[in-house]
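Chemist: Handing you this structure, nothing more for now.
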Amino acid sequence: MLSRRLLRVKVAKTLYAHLKSDSDNLKASEKYLVESIDKAYDLYFQMLYFVVEVARYAESRIELAKQKKLPTYEDLNPNRRFVDNAVITLIANSDSVNDVLASRKLGWANQHDTIKGVYNRLIETEFYKNYMSASVSTFTDDRKFVEEFFQWLEDDEQLAEVVTEMSLLWADDYGFALFLAIRTVQHLKRSHTEVKVLPKFKSDEDLDFAKRLFVKSLVDYEDNQAVVDRYSKNWDVERVVFMDSLIISIAIAELTQFDSIPVKVTLDEWIDIAKYYSSPTSSNFVNGVLDKVVAEFTEQGLINKSGRGLL
């Protein structure tokens, strides 16, 4: 399921795009936000099914080898452990997976070279060789191999680049989609006849959270920027990059508009996001400014938290 962290990042990117384009169409940007969230969930299914495509390519290689004029013993008696992997077969035959692929028009059509490249890199890995050479194969072994496959893909920069080229909305979602695929595989059992896919959201409130946070951040952007400017005077101007101030502005909106989210959660989330999406020193700057904002706003009664564990 899509985490609040991912939703926050989507809000930040949408606000960035809105401001940089000088757009005055809030509805259009809100629609873009929802679309980018939907596409992140799409990528989960896209990556989950990728192992099926690689296994099918492997099977096509086996069939071609059998058709040689002088096939070897290995050609006629191939090791089918990968192509017959029980977990891969379960994913391939899953209605819950295939229905989404069909309805959202997802898949790996026209990506033959990509699949071939991944397969050629895969067969050179130690975890693949160990799996294929094992004397026995259980469902647990099959599941572990698929988990390792997705973990291995996390470092495959070539595939990550292809994914981004397939959709710009998938930029930075690659690793998270693989994480969801791994979680899905970890819960599969031999007795299962269907893949239990993860829901899009943990809570029905998550999409509303993202949309409200975007709208509040945009509507109050100038006021929040004035706060950022006031607390940035003691910092080197060169260190105050646009993304830093944008992140702080959204964090202020979250601090003041969402009374059920603890202050510590908001600070930790946005400071961590700053580490990855702004400059190397951004987290220190964001942390320093937000600490002062929290102190001031709490004293003025502008931050009010309610609920168990928030007071």
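By order of appearance in the structure tokens: chains A, B, ..., then residues from 1 within every chain, and ligands from 1 in the order shown.
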What's the 12 Å shell around Ile250 in chain A, counting only C-alpha atoms, without same-chain residues fewer than 2 positions away, as number ranges by chain?
Modeler: A: 8-16, 210, 212-225, 227-228, 243-248, 252-258, 266-267, 269-271, 273-274, 286, 290
Chemist: Taking C-alpha atoms for each residue, export the selection above as a PDB file, in the first residue's frame.
Modeler:
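File written: part29.pdb
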ATOM      1  CA  ARG A   8       3.974  13.579   0.921  1.00  0.00           C
ATOM      2  CA  VAL A   9       6.589  13.318  -1.826  1.00  0.00           C
ATOM      3  CA  LYS A  10       3.834  13.368  -4.454  1.00  0.00           C
ATOM      4  CA  VAL A  11       2.395  16.520  -2.867  1.00  0.00           C
ATOM      5  CA  ALA A  12       5.819  18.195  -2.893  1.00  0.00           C
ATOM      6  CA  LYS A  13       6.440  17.331  -6.537  1.00  0.00           C
ATOM      7  CA  THR A  14       2.987  18.499  -7.589  1.00  0.00           C
ATOM      8  CA  LEU A  15       3.353  21.793  -5.732  1.00  0.00           C
ATOM      9  CA  TYR A  16       6.802  22.260  -7.263  1.00  0.00           C
ATOM     10  CA  ALA A 210      -2.805  14.116   0.143  1.00  0.00           C
ATOM     11  CA  ARG A 212      -5.969  18.478   1.502  1.00  0.00           C
ATOM     12  CA  LEU A 213      -2.252  18.862   2.133  1.00  0.00           C
ATOM     13  CA  PHE A 214      -1.682  20.002  -1.446  1.00  0.00           C
ATOM     14  CA  VAL A 215      -4.554  22.494  -1.401  1.00  0.00           C
ATOM     15  CA  LYS A 216      -3.627  23.911   2.023  1.00  0.00           C
ATOM     16  CA  SER A 217       0.033  24.167   1.024  1.00  0.00           C
ATOM     17  CA  LEU A 218      -0.856  26.035  -2.154  1.00  0.00           C
ATOM     18  CA  VAL A 219      -3.450  28.370  -0.643  1.00  0.00           C
ATOM     19  CA  ASP A 220      -1.187  29.314   2.283  1.00  0.00           C
ATOM     20  CA  TYR A 221       2.047  29.211   0.300  1.00  0.00           C
ATOM     21  CA  GLU A 222       2.846  32.937   0.355  1.00  0.00           C
ATOM     22  CA  ASP A 223       2.065  33.267   4.076  1.00  0.00           C
ATOM     23  CA  ASN A 224       4.179  30.223   4.880  1.00  0.00           C
ATOM     24  CA  GLN A 225       7.006  31.533   2.708  1.00  0.00           C
ATOM     25  CA  VAL A 227       7.641  32.609   7.823  1.00  0.00           C
ATOM     26  CA  VAL A 228      10.429  30.741   6.048  1.00  0.00           C
ATOM     27  CA  MET A 243      13.081  23.015  -2.653  1.00  0.00           C
ATOM     28  CA  ASP A 244      14.104  23.676   0.961  1.00  0.00           C
ATOM     29  CA  SER A 245      11.646  26.520   1.361  1.00  0.00           C
ATOM     30  CA  LEU A 246       8.920  24.561  -0.444  1.00  0.00           C
ATOM     31  CA  ILE A 247       9.373  21.585   1.899  1.00  0.00           C
ATOM     32  CA  ILE A 248       9.218  23.821   4.969  1.00  0.00           C
ATOM     33  CA  ILE A 252       3.966  24.234   8.135  1.00  0.00           C
ATOM     34  CA  ALA A 253       0.672  23.477   6.408  1.00  0.00           C
ATOM     35  CA  GLU A 254       0.712  19.954   7.833  1.00  0.00           C
ATOM     36  CA  LEU A 255       1.613  21.180  11.330  1.00  0.00           C
ATOM     37  CA  THR A 256      -1.245  23.672  11.422  1.00  0.00           C
ATOM     38  CA  GLN A 257      -3.977  21.950   9.432  1.00  0.00           C
ATOM     39  CA  PHE A 258      -3.861  18.315  10.576  1.00  0.00           C
ATOM     40  CA  THR A 266       5.569  15.755  10.583  1.00  0.00           C
ATOM     41  CA  LEU A 267       9.088  16.951  11.432  1.00  0.00           C
ATOM     42  CA  GLU A 269       8.971  12.958   7.631  1.00  0.00           C
ATOM     43  CA  TRP A 270       9.821  16.288   6.035  1.00  0.00           C
ATOM     44  CA  ILE A 271      13.390  16.389   7.342  1.00  0.00           C
ATOM     45  CA  ILE A 273      12.353  13.975   2.552  1.00  0.00           C
ATOM     46  CA  ALA A 274      14.664  16.995   2.414  1.00  0.00           C
ATOM     47  CA  VAL A 286      14.875  22.395   7.370  1.00  0.00           C
ATOM     48  CA  LEU A 290      10.983  23.998  11.643  1.00  0.00           C
TER      49      LEU A 290
END
Chemist: Write out as a list in words the residues lying within 9 Å of Val51 in chain A, counting only C-alpha atoms and excluding same-chain residues fewer than 5 positions away.
Modeler: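 Final neighbour list, sorted by chain and number: Arg56, Ile88, Ile91, Val146, Phe149 and Phe150 of chain A.
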Chemist: Have a look at CA of Ser103 in chain A and CA of Trp170 in chain A and let me know their distance in Å, one decimal.
Modeler: 18.3 Å
Chemist: From range 119-152 of chain A, collect each residue whose DSSP state is alpha helix (DSSP H) and return the set as a PyMOL selection string.
Modeler: chain A and resi 119-122+126-133+139-152
Chemist: Please produce a file of the residues just selected, as a compact mmCIF listing (two decimals), in the first residue's frame, where the atoms kept are N, CA, C and O atoms.
Modeler:
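Contents of out_36.txt, as written:
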# COMPACT_ATOMS: atom_id res chain seq x y z
N TYR A 119 17.36 -10.78 -18.05
CA TYR A 119 17.59 -12.23 -17.96
C TYR A 119 19.07 -12.56 -18.08
O TYR A 119 19.61 -13.37 -17.30
N ASN A 120 19.74 -11.95 -19.03
CA ASN A 120 21.17 -12.22 -19.22
C ASN A 120 21.99 -11.79 -18.01
O ASN A 120 23.01 -12.43 -17.68
N ARG A 121 21.59 -10.72 -17.36
CA ARG A 121 22.29 -10.31 -16.14
C ARG A 121 21.93 -11.23 -14.97
O ARG A 121 22.77 -11.53 -14.12
N LEU A 122 20.69 -11.68 -14.96
CA LEU A 122 20.21 -12.54 -13.87
C LEU A 122 20.97 -13.85 -13.82
O LEU A 122 21.38 -14.30 -12.73
N GLU A 126 24.93 -14.98 -8.38
CA GLU A 126 25.14 -16.14 -7.51
C GLU A 126 23.82 -16.70 -6.99
O GLU A 126 23.66 -17.92 -6.90
N PHE A 127 22.87 -15.83 -6.65
CA PHE A 127 21.62 -16.34 -6.09
C PHE A 127 20.83 -17.14 -7.12
O PHE A 127 20.16 -18.12 -6.78
N TYR A 128 20.94 -16.76 -8.40
CA TYR A 128 20.29 -17.53 -9.45
C TYR A 128 20.98 -18.88 -9.63
O TYR A 128 20.31 -19.93 -9.71
N LYS A 129 22.30 -18.88 -9.69
CA LYS A 129 23.05 -20.13 -9.88
C LYS A 129 22.80 -21.10 -8.71
O LYS A 129 22.65 -22.31 -8.93
N ASN A 130 22.77 -20.56 -7.49
CA ASN A 130 22.53 -21.42 -6.33
C ASN A 130 21.12 -22.01 -6.36
O ASN A 130 20.93 -23.18 -6.03
N TYR A 131 20.17 -21.21 -6.77
CA TYR A 131 18.79 -21.68 -6.86
C TYR A 131 18.65 -22.78 -7.91
O TYR A 131 18.02 -23.82 -7.67
N MET A 132 19.26 -22.57 -9.05
CA MET A 132 19.13 -23.52 -10.15
C MET A 132 19.88 -24.83 -9.88
O MET A 132 19.53 -25.88 -10.43
N SER A 133 20.92 -24.78 -9.07
CA SER A 133 21.75 -25.98 -8.83
C SER A 133 21.34 -26.74 -7.57
O SER A 133 21.91 -27.80 -7.29
N PHE A 139 8.31 -24.82 -2.09
CA PHE A 139 7.62 -23.55 -2.27
C PHE A 139 8.38 -22.43 -1.56
O PHE A 139 8.47 -21.31 -2.06
N THR A 140 8.91 -22.76 -0.39
CA THR A 140 9.69 -21.77 0.37
C THR A 140 10.92 -21.32 -0.42
O THR A 140 11.26 -20.14 -0.45
N ASP A 141 11.58 -22.29 -1.07
CA ASP A 141 12.74 -21.95 -1.90
C ASP A 141 12.33 -21.05 -3.07
O ASP A 141 13.03 -20.09 -3.40
N ASP A 142 11.19 -21.39 -3.69
CA ASP A 142 10.70 -20.59 -4.81
C ASP A 142 10.38 -19.17 -4.37
O ASP A 142 10.70 -18.20 -5.06
N ARG A 143 9.74 -19.05 -3.22
CA ARG A 143 9.38 -17.73 -2.71
C ARG A 143 10.63 -16.91 -2.37
O ARG A 143 10.71 -15.72 -2.69
N LYS A 144 11.60 -17.56 -1.74
CA LYS A 144 12.84 -16.86 -1.40
C LYS A 144 13.55 -16.36 -2.64
O LYS A 144 14.07 -15.24 -2.67
N PHE A 145 13.55 -17.18 -3.70
CA PHE A 145 14.20 -16.77 -4.94
C PHE A 145 13.53 -15.54 -5.53
O PHE A 145 14.21 -14.60 -5.97
N VAL A 146 12.20 -15.50 -5.55
CA VAL A 146 11.49 -14.36 -6.13
C VAL A 146 11.74 -13.11 -5.30
O VAL A 146 11.90 -12.01 -5.84
N GLU A 147 11.79 -13.27 -3.98
CA GLU A 147 12.13 -12.13 -3.11
C GLU A 147 13.52 -11.60 -3.47
O GLU A 147 13.71 -10.38 -3.61
N GLU A 148 14.47 -12.51 -3.62
CA GLU A 148 15.83 -12.11 -3.96
C GLU A 148 15.89 -11.47 -5.34
O GLU A 148 16.68 -10.55 -5.58
N PHE A 149 15.05 -11.93 -6.24
CA PHE A 149 14.99 -11.35 -7.58
C PHE A 149 14.59 -9.88 -7.51
O PHE A 149 15.23 -9.01 -8.11
N PHE A 150 13.53 -9.58 -6.75
CA PHE A 150 13.07 -8.20 -6.63
C PHE A 150 14.09 -7.34 -5.88
O PHE A 150 14.29 -6.17 -6.21
N GLN A 151 14.73 -7.92 -4.87
CA GLN A 151 15.77 -7.19 -4.15
C GLN A 151 16.94 -6.86 -5.07
O GLN A 151 17.50 -5.77 -5.02
N TRP A 152 17.29 -7.81 -5.92
CA TRP A 152 18.38 -7.61 -6.88
C TRP A 152 18.03 -6.51 -7.87
O TRP A 152 18.88 -5.69 -8.25
Chemist: Considering only C-alpha atoms, state which residue in the set A:Lys27, A:Asp172, A:Asp95, A:Ser137 is at the smallest distance from Arg81 in chain A.
Modeler: A:Ser137
Chemist: For a quick check of understanding, using only C-alpha atoms, which of A:Leu153, A:Ala65, A:Ile182, A:Ala171 has the smallest distance to Asn77 in chain A?
Modeler: A:Ala65
